[in-house]
$ cat protein-v5.pdb   # PDB, C-alpha atoms
ATOM      1  CA  MET Q 278     -26.100  -0.936  10.395
ATOM      2  CA  THR Q 279     -23.048  -1.125   8.228
ATOM      3  CA  ILE Q 280     -22.600  -2.090   4.618
ATOM      4  CA  GLY Q 281     -18.852  -2.338   4.170
ATOM      5  CA  GLU Q 282     -18.054   1.316   4.762
ATOM      6  CA  PRO Q 283     -14.521   2.022   3.508
ATOM      7  CA  GLY Q 284     -11.949   1.956   6.247
ATOM      8  CA  ALA Q 285     -14.260   0.296   8.728
ATOM      9  CA  GLY Q 286     -13.241  -2.478  11.107
ATOM     10  CA  PRO Q 287     -10.370  -4.776  10.072
ATOM     11  CA  ALA Q 288      -9.190  -2.531   7.227
ATOM     12  CA  ARG Q 289      -8.295   0.163   9.742
ATOM     13  CA  VAL Q 290      -6.421  -2.322  11.915
ATOM     14  CA  ILE Q 291      -4.460  -3.556   8.883
ATOM     15  CA  ALA Q 292      -3.568   0.018   7.921
ATOM     16  CA  LEU Q 293      -2.192   0.586  11.425
ATOM     17  CA  LEU Q 294      -0.263  -2.679  11.318
ATOM     18  CA  VAL Q 295       1.242  -1.688   7.950
ATOM     19  CA  VAL Q 296       2.662   1.502   9.495
ATOM     20  CA  VAL Q 297       4.051  -0.507  12.428
ATOM     21  CA  ALA Q 298       5.547  -3.060   9.996
ATOM     22  CA  VAL Q 299       7.311  -0.316   8.009
ATOM     23  CA  PHE Q 300       9.027   1.065  11.115
ATOM     24  CA  ALA Q 301       9.823  -2.419  12.419
ATOM     25  CA  GLY Q 302      11.351  -3.282   9.026
ATOM     26  CA  ILE Q 303      13.510  -0.171   8.998
ATOM     27  CA  ALA Q 304      14.701  -0.872  12.545
ATOM     28  CA  PHE Q 305      15.491  -4.457  11.584
ATOM     29  CA  GLY Q 306      17.361  -3.260   8.492
ATOM     30  CA  VAL Q 307      19.487  -0.885  10.559
ATOM     31  CA  TRP Q 308      20.257  -3.670  13.031
ATOM     32  CA  LEU Q 309      21.032  -6.190  10.283
ATOM     33  CA  PHE Q 310      23.378  -3.774   8.522
ATOM     34  CA  GLY Q 311      25.211  -3.223  11.795
ATOM     35  CA  VAL Q 312      25.541  -6.952  12.335
ATOM     36  CA  MET Q 313      26.656  -7.761   8.784
ATOM     37  CA  THR Q 314      29.254  -5.032   8.347
TER      38      THR Q 314
ATOM     39  CA  MET R 176     -31.292  -4.856  12.332
ATOM     40  CA  THR R 177     -29.385  -6.013   9.314
ATOM     41  CA  VAL R 178     -25.618  -6.074   9.171
ATOM     42  CA  PHE R 179     -23.980  -6.417   5.792
ATOM     43  CA  GLU R 180     -20.444  -7.582   6.404
ATOM     44  CA  SER R 181     -17.811  -7.260   3.743
ATOM     45  CA  ASN R 182     -16.723 -10.590   2.270
ATOM     46  CA  SER R 183     -13.774 -11.917   4.219
ATOM     47  CA  ARG R 184     -11.726 -13.690   1.564
ATOM     48  CA  TYR R 185      -8.563 -13.573   3.633
ATOM     49  CA  GLY R 186      -7.480 -14.847   7.021
ATOM     50  CA  ARG R 187      -5.036 -13.755   9.666
ATOM     51  CA  LEU R 188      -2.245 -15.733   8.035
ATOM     52  CA  ASP R 189      -2.689 -13.766   4.806
ATOM     53  CA  VAL R 190      -2.478 -10.497   6.734
ATOM     54  CA  ALA R 191       0.601 -11.776   8.606
ATOM     55  CA  VAL R 192       2.350 -12.712   5.348
ATOM     56  CA  TYR R 193       1.418  -9.324   3.870
ATOM     57  CA  LEU R 194       2.865  -7.535   6.904
ATOM     58  CA  LEU R 195       6.005  -9.670   6.597
ATOM     59  CA  GLY R 196       6.270  -8.418   3.027
ATOM     60  CA  VAL R 197       5.903  -4.809   4.186
ATOM     61  CA  ALA R 198       8.496  -5.170   6.938
ATOM     62  CA  GLY R 199      10.877  -7.119   4.690
ATOM     63  CA  LEU R 200      10.617  -4.547   1.940
ATOM     64  CA  ALA R 201      11.331  -1.728   4.395
ATOM     65  CA  ALA R 202      14.301  -3.672   5.767
ATOM     66  CA  CYS R 203      15.702  -4.305   2.265
ATOM     67  CA  LEU R 204      15.323  -0.636   1.308
ATOM     68  CA  THR R 205      17.238   0.232   4.475
ATOM     69  CA  LEU R 206      19.994  -2.287   3.657
ATOM     70  CA  VAL R 207      20.391  -0.940   0.116
ATOM     71  CA  TRP R 208      20.460   2.639   1.403
ATOM     72  CA  PHE R 209      23.167   1.936   3.986
ATOM     73  CA  GLY R 210      25.074  -0.295   1.569
ATOM     74  CA  MET R 211      25.155   2.462  -1.043
ATOM     75  CA  ARG R 212      26.472   4.948   1.505
ATOM     76  CA  ALA R 213      29.186   2.508   2.582
ATOM     77  CA  VAL R 214      30.322   2.158  -1.044
ATOM     78  CA  MET R 215      30.193   5.926  -1.594
ATOM     79  CA  ASN R 216      32.337   6.414   1.496
ATOM     80  CA  VAL R 217      35.178   4.623  -0.290
ATOM     81  CA  GLY R 218      34.765   6.672  -3.452
ATOM     82  CA  GLY R 219      31.734   5.130  -5.130
ATOM     83  CA  PHE R 220      33.428   2.064  -6.605
ATOM     84  CA  CYS R 221      34.742  -1.080  -5.027
ATOM     85  CA  ALA R 222      35.395  -4.656  -6.063
ATOM     86  CA  GLU R 223      35.924  -8.129  -4.664
ATOM     87  CA  GLY R 224      37.377 -11.313  -6.110
ATOM     88  CA  GLY R 225      38.044 -11.798  -9.825
ATOM     89  CA  PRO R 226      41.366 -11.958 -11.692
ATOM     90  CA  TYR R 227      42.165  -8.238 -11.533
ATOM     91  CA  VAL R 228      44.204  -6.225  -9.078
ATOM     92  CA  ILE R 229      41.660  -4.517  -6.865
ATOM     93  CA  ASP R 230      42.243  -0.837  -6.308
ATOM     94  CA  THR R 231      39.484  -0.314  -3.751
ATOM     95  CA  PRO R 232      38.243  -3.361  -1.845
ATOM     96  CA  CYS R 233      34.629  -3.258  -0.689
ATOM     97  CA  PRO R 234      33.907  -2.607   2.983
ATOM     98  CA  ASP R 235      33.365  -5.820   4.963
ATOM     99  CA  GLY R 236      29.981  -7.408   4.399
ATOM    100  CA  VAL R 237      28.710  -4.730   2.039
ATOM    101  CA  PRO R 238      28.535  -6.902  -1.114
ATOM    102  CA  LEU R 239      26.365  -9.425   0.759
ATOM    103  CA  VAL R 240      24.225  -6.617   2.199
ATOM    104  CA  MET R 241      23.618  -5.169  -1.269
ATOM    105  CA  MET R 242      22.811  -8.565  -2.761
ATOM    106  CA  LEU R 243      20.398  -9.416   0.046
ATOM    107  CA  GLY R 244      18.806  -5.982  -0.164
ATOM    108  CA  ILE R 245      18.315  -5.964  -3.927
ATOM    109  CA  PHE R 246      17.003  -9.526  -4.239
ATOM    110  CA  GLY R 247      14.921  -9.057  -1.092
ATOM    111  CA  LEU R 248      13.180  -6.059  -2.646
ATOM    112  CA  PHE R 249      11.720  -8.327  -5.314
ATOM    113  CA  GLY R 250      10.930 -11.186  -2.941
ATOM    114  CA  PHE R 251       9.160  -9.155  -0.278
ATOM    115  CA  GLY R 252       7.556  -6.911  -2.905
ATOM    116  CA  GLY R 253       6.125 -10.052  -4.476
ATOM    117  CA  LEU R 254       4.710 -11.140  -1.113
ATOM    118  CA  MET R 255       3.060  -7.744  -0.691
ATOM    119  CA  ALA R 256       1.515  -7.813  -4.156
ATOM    120  CA  TRP R 257       0.323 -11.410  -3.739
ATOM    121  CA  LYS R 258      -1.370 -11.057  -0.364
ATOM    122  CA  GLY R 259      -2.325  -7.420  -0.955
ATOM    123  CA  ALA R 260      -4.401  -8.486  -3.950
ATOM    124  CA  LEU R 261      -6.184 -10.967  -1.690
ATOM    125  CA  ILE R 262      -6.868  -8.398   1.023
ATOM    126  CA  GLY R 263      -8.135  -5.938  -1.579
ATOM    127  CA  GLY R 264      -8.547  -2.186  -1.303
ATOM    128  CA  PRO R 265      -5.354  -0.191  -1.703
ATOM    129  CA  TYR R 266      -3.126  -2.868  -0.174
ATOM    130  CA  ALA R 267      -1.774  -4.454  -3.369
ATOM    131  CA  ALA R 268      -1.044  -1.051  -4.897
ATOM    132  CA  LEU R 269       0.871  -0.083  -1.763
ATOM    133  CA  VAL R 270       3.874  -2.038  -3.037
ATOM    134  CA  GLY R 271       4.150   0.633  -5.759
ATOM    135  CA  LEU R 272       5.361   3.055  -3.092
ATOM    136  CA  ALA R 273       8.594   1.032  -2.950
ATOM    137  CA  TRP R 274       9.624   2.639  -6.264
ATOM    138  CA  PRO R 275       9.594   6.260  -5.052
ATOM    139  CA  ALA R 276      10.967   5.125  -1.670
ATOM    140  CA  LEU R 277      13.930   3.461  -3.387
ATOM    141  CA  PHE R 278      14.730   6.203  -5.885
ATOM    142  CA  LEU R 279      14.145   9.140  -3.536
ATOM    143  CA  SER R 280      16.263   7.613  -0.775
ATOM    144  CA  LEU R 281      19.108   6.664  -3.118
ATOM    145  CA  GLY R 282      18.755  10.047  -4.843
ATOM    146  CA  TRP R 283      19.213  11.657  -1.442
ATOM    147  CA  ASN R 284      22.483   9.737  -1.030
ATOM    148  CA  PHE R 285      23.728  10.965  -4.412
ATOM    149  CA  LEU R 286      22.788  14.568  -3.649
ATOM    150  CA  GLU R 287      24.266  14.510  -0.147
ATOM    151  CA  TYR R 288      27.565  13.035  -1.331
ATOM    152  CA  ALA R 289      27.619  15.371  -4.356
ATOM    153  CA  ILE R 290      27.476  18.391  -2.070
ATOM    154  CA  ARG R 291      29.556  16.998   0.809
ATOM    155  CA  PRO R 292      31.832  14.369  -0.768
ATOM    156  CA  PRO R 293      34.118  12.285   1.435
ATOM    157  CA  GLU R 294      37.874  12.890   1.338
ATOM    158  CA  PRO R 295      39.814  13.448  -0.885
ATOM    159  CA  GLU R 296      37.055  14.945  -3.049
ATOM    160  CA  TYR R 297      35.900  18.467  -2.425
ATOM    161  CA  GLY R 298      33.430  20.940  -3.917
ATOM    162  CA  ILE R 299      30.487  19.710  -5.917
ATOM    163  CA  VAL R 300      30.864  16.305  -7.532
ATOM    164  CA  TRP R 301      28.901  16.513 -10.793
ATOM    165  CA  GLY R 302      29.200  12.789 -11.351
ATOM    166  CA  TRP R 303      26.969  12.300  -8.309
ATOM    167  CA  LEU R 304      24.832  15.416  -8.616
ATOM    168  CA  ILE R 305      23.437  14.403 -12.017
ATOM    169  CA  PRO R 306      22.354  10.880 -11.031
ATOM    170  CA  GLY R 307      20.973  12.402  -7.827
ATOM    171  CA  VAL R 308      18.709  14.729  -9.779
ATOM    172  CA  ILE R 309      17.700  11.918 -12.156
ATOM    173  CA  PHE R 310      16.873   9.598  -9.232
ATOM    174  CA  VAL R 311      14.789  12.276  -7.495
ATOM    175  CA  ILE R 312      12.825  12.870 -10.699
ATOM    176  CA  MET R 313      12.397   9.117 -11.247
ATOM    177  CA  GLY R 314      11.121   8.646  -7.701
ATOM    178  CA  GLY R 315       9.220  11.895  -7.273
ATOM    179  CA  ALA R 316       7.287  12.077 -10.551
ATOM    180  CA  PRO R 317       5.373   8.790 -10.095
ATOM    181  CA  LEU R 318       4.725   9.736  -6.470
ATOM    182  CA  LEU R 319       3.146  13.034  -7.510
ATOM    183  CA  MET R 320       0.948  11.172  -9.990
ATOM    184  CA  LEU R 321       0.131   8.480  -7.426
ATOM    185  CA  LEU R 322      -0.844  10.699  -4.502
ATOM    186  CA  PRO R 323      -4.058  12.256  -5.884
ATOM    187  CA  SER R 324      -5.287   8.858  -7.055
ATOM    188  CA  ARG R 325      -4.570   7.408  -3.637
ATOM    189  CA  ARG R 326      -6.723  10.064  -2.049
ATOM    190  CA  THR R 327      -9.718   9.148  -4.168
ATOM    191  CA  ALA R 328      -9.170   5.429  -3.764
ATOM    192  CA  GLY R 329     -11.301   5.470  -0.623
ATOM    193  CA  GLY R 330      -8.765   3.851   1.661
ATOM    194  CA  GLY R 331      -8.724   6.628   4.212
ATOM    195  CA  GLY R 332     -12.096   5.935   5.758
ATOM    196  CA  GLY R 333     -14.657   8.451   6.841
ATOM    197  CA  PRO R 334     -16.925  10.382   4.546
ATOM    198  CA  PRO R 335     -15.289  11.874   1.452
ATOM    199  CA  THR R 336     -14.826  15.586   1.929
ATOM    200  CA  GLY R 337     -14.506  16.892  -1.609
ATOM    201  CA  GLY R 338     -14.988  15.767  -5.191
ATOM    202  CA  THR R 339     -18.571  14.573  -4.893
ATOM    203  CA  ASP R 340     -18.413  12.924  -8.309
ATOM    204  CA  SER R 341     -15.299  10.872  -7.598
ATOM    205  CA  PRO R 342     -15.741   7.082  -7.708
ATOM    206  CA  ALA R 343     -15.101   6.776  -3.963
ATOM    207  CA  ALA R 344     -17.668   9.466  -3.156
ATOM    208  CA  LEU R 345     -20.239   7.845  -5.415
ATOM    209  CA  ARG R 346     -19.585   4.451  -3.864
ATOM    210  CA  ALA R 347     -19.935   5.827  -0.350
ATOM    211  CA  ALA R 348     -23.106   7.740  -1.283
ATOM    212  CA  ARG R 349     -24.587   4.617  -2.848
ATOM    213  CA  LYS R 350     -23.856   2.607   0.276
ATOM    214  CA  ARG R 351     -25.333   5.295   2.525
ATOM    215  CA  LEU R 352     -28.449   5.356   0.356
ATOM    216  CA  LEU R 353     -28.776   1.592   0.524
ATOM    217  CA  ASN R 354     -28.275   1.634   4.288
ATOM    218  CA  ASP R 355     -30.981   4.250   4.694
ATOM    219  CA  LEU R 356     -33.281   2.341   2.383
ATOM    220  CA  VAL R 357     -32.909  -0.878   4.335
ATOM    221  CA  ALA R 358     -33.212   0.935   7.667
ATOM    222  CA  LYS R 359     -36.441   2.637   6.657
ATOM    223  CA  ALA R 360     -37.798  -0.554   5.179
ATOM    224  CA  ASN R 361     -37.010  -2.417   8.396
ATOM    225  CA  GLU R 362     -38.724   0.247  10.480
ATOM    226  CA  ARG R 363     -41.843   0.064   8.385
ATOM    227  CA  GLY R 364     -41.837  -3.698   8.320
ATOM    228  CA  TRP R 365     -41.356  -3.911   4.589
ATOM    229  CA  GLY R 366     -44.668  -3.391   2.928
ATOM    230  CA  ALA R 367     -46.701  -0.707   4.572
ATOM    231  CA  GLN R 368     -47.030   0.775   1.099
ATOM    232  CA  ASP R 369     -45.256  -1.495  -1.348
ATOM    233  CA  ASP R 370     -45.596  -5.197  -1.554
ATOM    234  CA  VAL R 371     -42.679  -7.593  -1.642
ATOM    235  CA  VAL R 372     -42.877  -8.096  -5.406
ATOM    236  CA  THR R 373     -42.464  -4.373  -6.064
ATOM    237  CA  LYS R 374     -39.444  -4.298  -3.764
ATOM    238  CA  LEU R 375     -37.878  -7.269  -5.490
ATOM    239  CA  GLU R 376     -38.497  -5.755  -8.913
ATOM    240  CA  ARG R 377     -36.904  -2.531  -7.824
ATOM    241  CA  LEU R 378     -33.888  -4.376  -6.437
ATOM    242  CA  ALA R 379     -33.565  -6.408  -9.643
ATOM    243  CA  HIS R 380     -33.627  -3.190 -11.619
ATOM    244  CA  LEU R 381     -30.885  -1.697  -9.426
ATOM    245  CA  ARG R 382     -28.851  -4.883  -9.878
ATOM    246  CA  GLU R 383     -29.266  -4.837 -13.670
ATOM    247  CA  SER R 384     -28.289  -1.200 -13.911
ATOM    248  CA  GLY R 385     -25.172  -1.949 -11.889
ATOM    249  CA  SER R 386     -26.122   0.404  -9.065
ATOM    250  CA  ILE R 387     -25.719  -2.401  -6.544
ATOM    251  CA  SER R 388     -23.439  -5.401  -6.587
ATOM    252  CA  ALA R 389     -24.559  -9.035  -6.645
ATOM    253  CA  ASP R 390     -23.724  -9.340  -2.943
ATOM    254  CA  GLU R 391     -25.656  -6.248  -2.006
ATOM    255  CA  PHE R 392     -28.565  -7.491  -4.102
ATOM    256  CA  GLU R 393     -28.582 -10.839  -2.304
ATOM    257  CA  GLN R 394     -28.393  -9.187   1.116
ATOM    258  CA  ALA R 395     -31.167  -6.775   0.290
ATOM    259  CA  LYS R 396     -33.264  -9.560  -1.199
ATOM    260  CA  ARG R 397     -32.897 -11.568   1.971
ATOM    261  CA  ALA R 398     -33.898  -8.501   3.977
ATOM    262  CA  VAL R 399     -37.007  -8.070   1.809
ATOM    263  CA  LEU R 400     -38.007 -11.691   2.028
ATOM    264  CA  GLY R 401     -37.054 -12.301   5.617
ATOM    265  CA  GLY R 402     -37.919  -8.996   7.256
ATOM    266  CA  ALA R 403     -35.077  -8.417   9.681
ATOM    267  CA  GLY R 404     -32.838 -10.903   7.799
ATOM    268  CA  SER R 405     -29.428 -12.052   9.058
TER     269      SER R 405
END

$ encode --input "protein-v5.pdb" --output "structure tokens"
Amino acid sequence: MTIGEPGAGPARVIALLVVVAVFAGIAFGVWLFGVMT
Amino acid sequence: MTVFESNSRYGRLDVAVYLLGVAGLAACLTLVWFGMRAVMNVGGFCAEGGPYVIDTPCPDGVPLVMMLGIFGLFGFGGLMAWKGALIGGPYAALVGLAWPALFLSLGWNFLEYAIRPPEPEYGIVWGWLIPGVIFVIMGGAPLLMLLPSRRTAGGGGGPPTGGTDSPAALRAARKRLLNDLVAKANERGWGAQDDVVTKLERLAHLRESGSISADEFEQAKRAVLGGAGS
């Protein structure tokens, strides 16, 4: 039985995706800078 | 067995847009960081266009990179704040980390170039050292204030380890208590000792005192009235 425990289920998945998005964004930024300059 | 699911006010599209905001913000921070270094490589100042004779032209593409990066910070930051508020928890506040990320990373550039300036400068460049220190303070001070509050915001999951009187710990304890209460009540079939009216009165009292939310009250009420509830 669960009553919205913090960090349970989707929230944990979103947290993981946020970390992935940060690194993907940085990689994209590095690539874009290389392309534009 | 009763399962109380958290209210899902957001869909996958909202999460996708939020993640786009996160990635875009990280990309813009990266662009600004590299753009600043490119400008510092040519002495810290450059110009393009205008009626004046230009002493130091900007490196190719850098003005556009800086413009994209700076405006993008606001655009993607706005996306994060918008969808983060919908998702709830710490996600809207996460955009606040862009401030220390920006100032600490740019402060690093200042400090690095102050200590190891490009030719023809040599020694320590005070004109870059001072803004470097200011940027590090501007980025680091809010981060130091933010970190302890983040820890108690309850975003980390798992049982709180310390600070038993923190809001997150109290919230978690309250939820555990309610879980146990419902579990025991379910096992006993609601009413071996107390009748339904007593249970409802007790729940109403908890609701009035603010110990449980309206949602939790409704869920618990359904459990009382319907036995194993939905």

$ residues_near_point --input "protein-v5.pdb" --point "(11.2, 5.1, -4.6)" --cutoff "12 Å" --atoms "only C-alpha atoms" --output "mmCIF file with C-alpha atoms, in the coordinates of the input"
data_model
loop_
_atom_site.group_PDB
_atom_site.id
_atom_site.type_symbol
_atom_site.label_atom_id
_atom_site.label_comp_id
_atom_site.auth_asym_id
_atom_site.auth_seq_id
_atom_site.Cartn_x
_atom_site.Cartn_y
_atom_site.Cartn_z
ATOM 1 C CA LEU R 200 10.617 -4.547 1.940
ATOM 2 C CA ALA R 201 11.331 -1.728 4.395
ATOM 3 C CA LEU R 204 15.323 -0.636 1.308
ATOM 4 C CA THR R 205 17.238 0.232 4.475
ATOM 5 C CA VAL R 207 20.391 -0.940 0.116
ATOM 6 C CA TRP R 208 20.460 2.639 1.403
ATOM 7 C CA LEU R 248 13.180 -6.059 -2.646
ATOM 8 C CA LEU R 269 0.871 -0.083 -1.763
ATOM 9 C CA VAL R 270 3.874 -2.038 -3.037
ATOM 10 C CA GLY R 271 4.150 0.633 -5.759
ATOM 11 C CA LEU R 272 5.361 3.055 -3.092
ATOM 12 C CA ALA R 273 8.594 1.032 -2.950
ATOM 13 C CA TRP R 274 9.624 2.639 -6.264
ATOM 14 C CA PRO R 275 9.594 6.260 -5.052
ATOM 15 C CA ALA R 276 10.967 5.125 -1.670
ATOM 16 C CA LEU R 277 13.930 3.461 -3.387
ATOM 17 C CA PHE R 278 14.730 6.203 -5.885
ATOM 18 C CA LEU R 279 14.145 9.140 -3.536
ATOM 19 C CA SER R 280 16.263 7.613 -0.775
ATOM 20 C CA LEU R 281 19.108 6.664 -3.118
ATOM 21 C CA GLY R 282 18.755 10.047 -4.843
ATOM 22 C CA TRP R 283 19.213 11.657 -1.442
ATOM 23 C CA PHE R 310 16.873 9.598 -9.232
ATOM 24 C CA VAL R 311 14.789 12.276 -7.495
ATOM 25 C CA ILE R 312 12.825 12.870 -10.699
ATOM 26 C CA MET R 313 12.397 9.117 -11.247
ATOM 27 C CA GLY R 314 11.121 8.646 -7.701
ATOM 28 C CA GLY R 315 9.220 11.895 -7.273
ATOM 29 C CA ALA R 316 7.287 12.077 -10.551
ATOM 30 C CA PRO R 317 5.373 8.790 -10.095
ATOM 31 C CA LEU R 318 4.725 9.736 -6.470
ATOM 32 C CA LEU R 319 3.146 13.034 -7.510
ATOM 33 C CA LEU R 321 0.131 8.480 -7.426
#

$ resolve_selection --input "protein-v5.pdb" --expression "the PyMOL selection byres ((chain R and resi 375) around 10)" --output "JSON list (two decimals) with C-alpha atoms, keeping the file's coordinate frame"
[["chain", "number", "residue", "atom", "x", "y", "z"],
["R", 370, "ASP", "CA", -45.60, -5.20, -1.55],
["R", 371, "VAL", "CA", -42.68, -7.59, -1.64],
["R", 372, "VAL", "CA", -42.88, -8.10, -5.41],
["R", 373, "THR", "CA", -42.46, -4.37, -6.06],
["R", 374, "LYS", "CA", -39.44, -4.30, -3.76],
["R", 376, "GLU", "CA", -38.50, -5.76, -8.91],
["R", 377, "ARG", "CA", -36.90, -2.53, -7.82],
["R", 378, "LEU", "CA", -33.89, -4.38, -6.44],
["R", 379, "ALA", "CA", -33.56, -6.41, -9.64],
["R", 380, "HIS", "CA", -33.63, -3.19, -11.62],
["R", 381, "LEU", "CA", -30.88, -1.70, -9.43],
["R", 392, "PHE", "CA", -28.56, -7.49, -4.10],
["R", 395, "ALA", "CA", -31.17, -6.78, 0.29],
["R", 396, "LYS", "CA", -33.26, -9.56, -1.20],
["R", 397, "ARG", "CA", -32.90, -11.57, 1.97],
["R", 399, "VAL", "CA", -37.01, -8.07, 1.81],
["R", 400, "LEU", "CA", -38.01, -11.69, 2.03]]

$ resolve_selection --input "protein-v5.pdb" --expression "the PyMOL selection byres ((chain Q and resi 290-307) around 7)" --output "PyMOL selection string"
(chain Q and resi 286-289+308-311) or (chain R and resi 194+197-199+201-203+205-206)

$ write_last_selection --input "protein-v5.pdb" --atoms "C-alpha atoms" --output "mmCIF file, in the frame of the given file"
data_model
loop_
_atom_site.group_PDB
_atom_site.id
_atom_site.type_symbol
_atom_site.label_atom_id
_atom_site.label_comp_id
_atom_site.auth_asym_id
_atom_site.auth_seq_id
_atom_site.Cartn_x
_atom_site.Cartn_y
_atom_site.Cartn_z
ATOM 1 C CA GLY Q 286 -13.241 -2.478 11.107
ATOM 2 C CA PRO Q 287 -10.370 -4.776 10.072
ATOM 3 C CA ALA Q 288 -9.190 -2.531 7.227
ATOM 4 C CA ARG Q 289 -8.295 0.163 9.742
ATOM 5 C CA TRP Q 308 20.257 -3.670 13.031
ATOM 6 C CA LEU Q 309 21.032 -6.190 10.283
ATOM 7 C CA PHE Q 310 23.378 -3.774 8.522
ATOM 8 C CA GLY Q 311 25.211 -3.223 11.795
ATOM 9 C CA LEU R 194 2.865 -7.535 6.904
ATOM 10 C CA VAL R 197 5.903 -4.809 4.186
ATOM 11 C CA ALA R 198 8.496 -5.170 6.938
ATOM 12 C CA GLY R 199 10.877 -7.119 4.690
ATOM 13 C CA ALA R 201 11.331 -1.728 4.395
ATOM 14 C CA ALA R 202 14.301 -3.672 5.767
ATOM 15 C CA CYS R 203 15.702 -4.305 2.265
ATOM 16 C CA THR R 205 17.238 0.232 4.475
ATOM 17 C CA LEU R 206 19.994 -2.287 3.657
#

$ atom_distance --input "protein-v5.pdb" --atom1 "atom CA of R:Ile290" --atom2 "atom CA of R:Cys221"
21.0 Å

$ residues_around --input "protein-v5.pdb" --residues "Q:Thr314" --least-positions-apart "4" --cutoff "7 Å" --atoms "only C-alpha atoms" --output "PyMOL selection string"
(chain Q and resi 310) or (chain R and resi 235-237)

$ atom_distance --input "protein-v5.pdb" --atom1 "atom CA of R:Phe251" --atom2 "atom CA of R:Arg212"
22.4 Å

$ residues_around --input "protein-v5.pdb" --residues "R:Glu223" --least-positions-apart "4" --cutoff "8 Å" --atoms "all atoms listed in the file" --output "ChimeraX atom specification"
/R:229,232-233

$ write_last_selection --input "protein-v5.pdb" --atoms "C-alpha atoms" --output "tab-separated table (two decimals), keeping the file's coordinate frame"
chain	number	residue	atom	x	y	z
R	229	ILE	CA	41.66	-4.52	-6.86
R	232	PRO	CA	38.24	-3.36	-1.84
R	233	CYS	CA	34.63	-3.26	-0.69

$ atom_distance --input "protein-v5.pdb" --atom1 "atom CA of R:Arg382" --atom2 "atom CA of R:Arg346"
14.5 Å

$ residues_around --input "protein-v5.pdb" --residues "R:Phe285" --least-positions-apart "5" --cutoff "7 Å" --atoms "only C-alpha atoms" --output "ChimeraX atom specification"
/R:303-304,306-307

$ decode --input "protein-v5.pdb" --residues "stretch 257-299 of chain R" --atoms "C-alpha atoms" --output "PDB file, in the first residue's frame"
ATOM      1  CA  TRP R 257       6.075  26.462 -16.446  1.00  0.00           C
ATOM      2  CA  LYS R 258       5.999  22.680 -16.715  1.00  0.00           C
ATOM      3  CA  GLY R 259       7.932  22.172 -13.477  1.00  0.00           C
ATOM      4  CA  ALA R 260       5.156  23.937 -11.580  1.00  0.00           C
ATOM      5  CA  LEU R 261       2.690  21.515 -13.161  1.00  0.00           C
ATOM      6  CA  ILE R 262       4.743  18.443 -12.277  1.00  0.00           C
ATOM      7  CA  GLY R 263       5.165  19.708  -8.720  1.00  0.00           C
ATOM      8  CA  GLY R 264       7.724  18.692  -6.122  1.00  0.00           C
ATOM      9  CA  PRO R 265      11.147  20.252  -6.549  1.00  0.00           C
ATOM     10  CA  TYR R 266      10.941  20.409 -10.344  1.00  0.00           C
ATOM     11  CA  ALA R 267       9.933  24.063 -10.765  1.00  0.00           C
ATOM     12  CA  ALA R 268      12.565  25.206  -8.273  1.00  0.00           C
ATOM     13  CA  LEU R 269      15.197  23.259 -10.199  1.00  0.00           C
ATOM     14  CA  VAL R 270      15.398  26.098 -12.722  1.00  0.00           C
ATOM     15  CA  GLY R 271      16.938  28.170  -9.901  1.00  0.00           C
ATOM     16  CA  LEU R 272      20.085  26.066 -10.234  1.00  0.00           C
ATOM     17  CA  ALA R 273      20.698  27.800 -13.578  1.00  0.00           C
ATOM     18  CA  TRP R 274      21.805  30.909 -11.647  1.00  0.00           C
ATOM     19  CA  PRO R 275      24.719  29.285  -9.787  1.00  0.00           C
ATOM     20  CA  ALA R 276      25.511  27.192 -12.886  1.00  0.00           C
ATOM     21  CA  LEU R 277      25.803  30.349 -14.993  1.00  0.00           C
ATOM     22  CA  PHE R 278      27.780  32.466 -12.542  1.00  0.00           C
ATOM     23  CA  LEU R 279      30.087  29.700 -11.311  1.00  0.00           C
ATOM     24  CA  SER R 280      30.929  28.560 -14.837  1.00  0.00           C
ATOM     25  CA  LEU R 281      31.534  32.091 -16.120  1.00  0.00           C
ATOM     26  CA  GLY R 282      33.415  32.891 -12.900  1.00  0.00           C
ATOM     27  CA  TRP R 283      35.645  29.918 -13.647  1.00  0.00           C
ATOM     28  CA  ASN R 284      36.417  31.421 -17.066  1.00  0.00           C
ATOM     29  CA  PHE R 285      37.368  34.750 -15.483  1.00  0.00           C
ATOM     30  CA  LEU R 286      39.587  33.082 -12.885  1.00  0.00           C
ATOM     31  CA  GLU R 287      41.266  30.768 -15.391  1.00  0.00           C
ATOM     32  CA  TYR R 288      42.029  33.596 -17.816  1.00  0.00           C
ATOM     33  CA  ALA R 289      43.113  35.876 -14.946  1.00  0.00           C
ATOM     34  CA  ILE R 290      45.750  33.362 -13.898  1.00  0.00           C
ATOM     35  CA  ARG R 291      46.693  32.081 -17.366  1.00  0.00           C
ATOM     36  CA  PRO R 292      45.866  34.939 -19.759  1.00  0.00           C
ATOM     37  CA  PRO R 293      46.284  34.448 -23.502  1.00  0.00           C
ATOM     38  CA  GLU R 294      49.111  36.231 -25.320  1.00  0.00           C
ATOM     39  CA  PRO R 295      50.272  38.994 -25.119  1.00  0.00           C
ATOM     40  CA  GLU R 296      49.129  39.316 -21.496  1.00  0.00           C
ATOM     41  CA  TYR R 297      51.119  37.679 -18.760  1.00  0.00           C
ATOM     42  CA  GLY R 298      51.026  37.407 -14.971  1.00  0.00           C
ATOM     43  CA  ILE R 299      47.795  37.923 -13.109  1.00  0.00           C
TER      44      ILE R 299
END
